[in-house]
Amino acid sequence: MIEFTSALWTKIPEIDEQHKALIKRINELLVLGTKAANREDTEKMLAFLGKYLFKHFNDEEKMLIEADYPKFRCHRNQHQAFINTYEKLTEEYRINGASIQYSHLLNKSAVAWATQHIQSADVEFANYLRQKENLRQKEKTLENTLLDTCLWQE
Ligand SMILES: [Fe+2]
Ligand SMILES: [Fe+2]
């Protein structure tokens with residue numbers, strides 16, 4: 001099970017909400033994987049997870065492009081790797097059901113996504129966005145100060 005601890009907070013509300021919803025789904029899948037679950041339930045859940053994961057990665061990538069994020073390609077490659085793993089996972093389930101390989105892959109990739117991706121890559125870009133916004137605010141303040149002190153009169 002993945003816990004949505006403060007280590008996973010990006011402090012970007014939209015992103016945190018999406019992470020929380022994804023973690024909830026993944027945890028439900030992890031529970032289903034340990035039971036002789038109804039195949040239809042698991043397949044529905046996997047399909048939902050895939051759609052939501054795709055939307056989430058897309059939303060993040062739009063933000064990164066807008067911010068001209070220097071590590072955009074590296075970040076997008078990580079997303080792509082998770083999409084590939086997700087495809088492997090659904091394929092494994094389709095062929096063998098809740099096999100040991102399926103449970104192992106689900107566990108391993110869920111933990112990797114939370115710890116290696118959210119906790120480091122997502123948190124890192126969130127910090128970058130905040131720093132960039134702070135700089136923008138400072139520039140604006142400086143600009144306004146300079147304008148206010150322009151006392152020249154013709
Ligand atoms: Fe994310
Ligand atoms: Fe990400």
# chains A, B, ... in the order shown; residues from 1 in each chain; ligands from 1
$ residues_near_ligand --ligand "ligand 2" --cutoff "8 Å" --atoms "only C-alpha atoms and all ligand atoms" --output "number ranges by chain"
A: 57, 60-61, 75-76, 78-79, 117-118, 121-122
$ residues_around --residues "Glu17 in chain A" --least-positions-apart "6" --cutoff "12 Å" --atoms "only C-alpha atoms" --output "list in words"
Phe4, Leu8, Trp9, Thr10, Lys11, Ile23, Lys24, Tyr52 and His56 of chain A
$ closest_residue --among "A:Arg94, A:Arg130, A:Lys62, A:Lys108" --to "Arg39 in chain A" --atoms "only C-alpha atoms"
A:Arg94
$ atom_distance --atom1 "CA of Leu151 in chain A" --atom2 "CA of Glu133 in chain A"
29.5 Å
$ atom_distance --atom1 "CA of Ile83 in chain A" --atom2 "CA of Leu29 in chain A"
16.5 Å
$ closest_residue --among "A:Ile26, A:Ala47, A:Gln137, A:Val123" --to "ligand 1" --atoms "only C-alpha atoms and all ligand atoms"
A:Val123
$ closest_residue --among "A:Leu147, A:Leu30, A:Met63, A:Ile2" --to "Trp113 in chain A" --atoms "only C-alpha atoms"
A:Ile2
$ residues_around --residues "Leu53 in chain A" --least-positions-apart "4" --cutoff "12 Å" --atoms "only C-alpha atoms" --output "JSON list (two decimals) with C-alpha atoms, in the first residue's frame"
[["chain", "number", "residue", "atom", "x", "y", "z"],
["A", 15, "ILE", "CA", -1.30, 17.88, -8.94],
["A", 18, "GLN", "CA", -4.51, 13.87, -8.96],
["A", 19, "HIS", "CA", -1.73, 12.02, -7.11],
["A", 20, "LYS", "CA", -4.10, 11.30, -4.24],
["A", 21, "ALA", "CA", -6.77, 9.92, -6.60],
["A", 22, "LEU", "CA", -4.20, 7.78, -8.43],
["A", 23, "ILE", "CA", -2.79, 6.39, -5.19],
["A", 25, "ARG", "CA", -6.86, 3.52, -7.27],
["A", 26, "ILE", "CA", -3.48, 1.81, -7.08],
["A", 45, "MET", "CA", -10.03, -0.65, -12.41],
["A", 46, "LEU", "CA", -6.96, -1.14, -14.60],
["A", 47, "ALA", "CA", -8.67, 0.64, -17.50],
["A", 48, "PHE", "CA", -9.63, 3.54, -15.26],
["A", 49, "LEU", "CA", -6.10, 3.76, -13.87],
["A", 57, "PHE", "CA", 0.99, 12.88, -17.15],
["A", 58, "ASN", "CA", -0.48, 15.05, -19.89],
["A", 59, "ASP", "CA", -1.54, 17.78, -17.45],
["A", 60, "GLU", "CA", 1.90, 17.80, -15.84],
["A", 79, "HIS", "CA", 6.28, 9.26, -17.60],
["A", 80, "GLN", "CA", 6.71, 7.24, -20.78],
["A", 82, "PHE", "CA", 5.53, 4.27, -16.44],
["A", 83, "ILE", "CA", 3.09, 4.08, -19.36],
["A", 84, "ASN", "CA", 5.17, 1.21, -20.78],
["A", 85, "THR", "CA", 5.09, -0.57, -17.42],
["A", 86, "TYR", "CA", 1.34, -0.02, -17.20],
["A", 87, "GLU", "CA", 0.93, -1.63, -20.63],
["A", 110, "ALA", "CA", 3.63, 1.56, -7.68],
["A", 113, "TRP", "CA", 6.30, 5.78, -9.08]]
$ residues_around --residues "Ile100 in chain A" --least-positions-apart "6" --cutoff "12 Å" --atoms "only C-alpha atoms" --output "ChimeraX atom specification"
/A:33-34,89,92-93,106-108
$ closest_residue --among "A:Thr115, A:Val31, A:Ser99, A:Glu154" --to "Ser6 in chain A" --atoms "only C-alpha atoms"
A:Thr115
$ select_by_dssp --residues "chain A" --states "alpha helix (DSSP H)" --output "PyMOL selection string"
chain A and resi 13-34+39-66+72-96+100-112+123-148
$ atom_distance --atom1 "CA of Asn38 in chain A" --atom2 "CA of Val111 in chain A"
24.2 Å
